[in-house]
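Enquirer: Just passing along the structure, written as structure tokens.
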Amino acid sequence: MNDSDTSQRFLLNDSAIRGQWTLLDTSYQTVLAKHDYPLEVQALLGELMAAAVLLTATLKFDGSLTIQARGEGPVHLITVECTDDNHLRAVARWQGDTTGLNFKSLLGKAVLAITITPDKGERYQGIVPLSGDSLAECLEFYFSQSEQLRTRIWLHQGNNRAAGMLLQVLPYNSGVEIDPEQQNEDWTRLTLLAETLTADELLNLDSQTLLHRLFHEEDVLLFPPEPIDFRCTCSRERTADALVRIGREELDGLLAERGNVEVTCQFCNQLYVFDAVDVAMLFQPNPAPDSERRH
């Protein structure tokens with residue numbers, strides 16, 4: 001059995017092809033415990049969470065990666081965010097009966113966006129066409145078209161776990177000498193081997209056993225595992241900043257109607273309460289900073 005909540009990089013030596021494997025257990029269950037999600041929405045959340053970890057691992061930056069879909073299907077909003085140090089959070093909003101619906105039916109006419117937000121530098125967003133029958137197929141198409149990197153992704157969810165594996169050719173700026181013809185041969189061979197991967201293997205085997213089963217005739221370099229956890233980035237300070245953007249007039253109206261302003265984080269259900277004094281302080285020329293409370 002795998003250690004829970006882990007991400008691990010691997011290289012297939014002499015092939016200029018890299019990989020990433022991840023398993024989500026406690027972090028996934030924590031997300032599911034925040035809302036009463038139907039089974040179909042649970043499955044979609046699990047695949048998106050595993051995908052976010054895999055995609056974040058391919059980037060060399062300090063910041064966060066977000067996968068978000070907005071559309072007209074029963075799942076009208078779903079958001080997953082993963083930071084460079086593998087802090088993960090996710091939420092979905094749905095309505096109606098989702099029983100038996102597949103990936104495309106759940107999202108309907110949705111726009112799937114990948115947003116990279118570095119701690120320093122400009123934000124980048126790429127749009128992922130929902131052209132495939134699964135999330136994995138859509139993300140593979142995104143990499144081939146937007147990044148010009150051949151990529152294969154396997155995503156599975158079950159028994160309160162979610163898992164994923166990625167294979168990808170190394171980019172030409174990786175510092176590794178690449179022979180295009182040899183890379184083509186290696187890619188064909190390795191992806192055929194990886195195609196034998198089952199959901200049961202991905203969800204229940206440890207990374208070393210899994211990779212040996214798939215690539216036992218290959219030279220695989222497995223990097224140390226990196227832990228993953230659920231961690232929300234909301235805080236009272238960030239909530240206060242959002243309230244300022246709403247405007248004093250609207251906040252005063254809420255105070256008159258309810259006596260205070262309540263904001264609940266959609267990811268973790270943390271409640272932030274601001275009374276009339278708190279709201280007034282938000283609009284002072286030099287407001288005293290709120291104490292930041294992360295969880």
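Labels used: A, B, ... for chains in the order of the structure tokens, numbers from 1 for residues in each chain, and numbers from 1 for ligands as shown.
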Apply DSSP to the backbone of this structure and, from range 15-54 of chain A, keep only the residues in strand (DSSP E); write these as a ChimeraX atom specification.
Expert: /A:17-24
Enquirer: So that each row is one residue of range 88-136 of chain A with an atom at most 10 Å from range 151-166 of chain A, can you give its shortest atom pair and the distance in Å to one decimal, using only C-alpha atoms, rows by chain and rising number, as a Markdown table?
Expert:
```
| residue | atom | partner | partner_atom | distance |
| --- | --- | --- | --- | --- |
| A:Ser134 | CA | A:Leu155 | CA | 9.3 |
| A:Leu135 | CA | A:Leu155 | CA | 8.1 |
| A:Ala136 | CA | A:Ile153 | CA | 5.4 |
```
Enquirer: Could those selected residues go to a file with C-alpha atoms, as a PDB file, in the first residue's frame?
Expert:
```pdb
ATOM      1  CA  SER A 134     -11.764  12.679 -20.137  1.00  0.00           C
ATOM      2  CA  LEU A 135      -9.814  15.240 -18.151  1.00  0.00           C
ATOM      3  CA  ALA A 136      -6.574  13.416 -18.971  1.00  0.00           C
TER       4      ALA A 136
END
```
Enquirer: Considering only helix (DSSP H, G or I) as DSSP defines it on the backbone, what residues of range 85-282 of chain A qualify? List them as an NGL selection string.
Expert: :A and (103-107 or 135-147 or 180-194 or 199-204 or 207-215 or 236-246 or 248-258 or 276-282)
Enquirer: Residues within 12 Å of Thr196 in chain A, please, as a ChimeraX atom specification. Count only C-alpha atoms; anything in the same chain fewer than 6 positions from it doesn't count.
Expert: /A:154,189-190,202,210-211,213-215
Enquirer: Generate a file of the selected residues that holds C-alpha atoms, formatted as a CSV table (one decimal), in the first residue's frame.
Expert:
```csv
chain,number,residue,atom,x,y,z
A,154,TRP,CA,-3.4,8.7,-16.2
A,189,ARG,CA,8.0,2.1,-26.3
A,190,LEU,CA,7.5,3.7,-22.9
A,202,LEU,CA,-2.3,3.3,-9.6
A,210,LEU,CA,4.4,0.4,-9.7
A,211,LEU,CA,7.3,1.7,-11.8
A,213,ARG,CA,6.0,-3.4,-12.8
A,214,LEU,CA,5.7,-1.0,-15.8
A,215,PHE,CA,9.3,-0.4,-16.6
```
Enquirer: Rounded to one decimal in Å, what is the spacing between CA of Leu101 in chain A and CA of Glu72 in chain A?
Expert: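 It comes out at 14.0 Å.
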Enquirer: Restricting the calculation to only C-alpha atoms: of A:Glu257, A:Glu185, A:Glu195, A:Glu226, which residue gets closest to Leu54 in chain A?
Expert: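 So, comparing all the options, the nearest one is A:Glu226.
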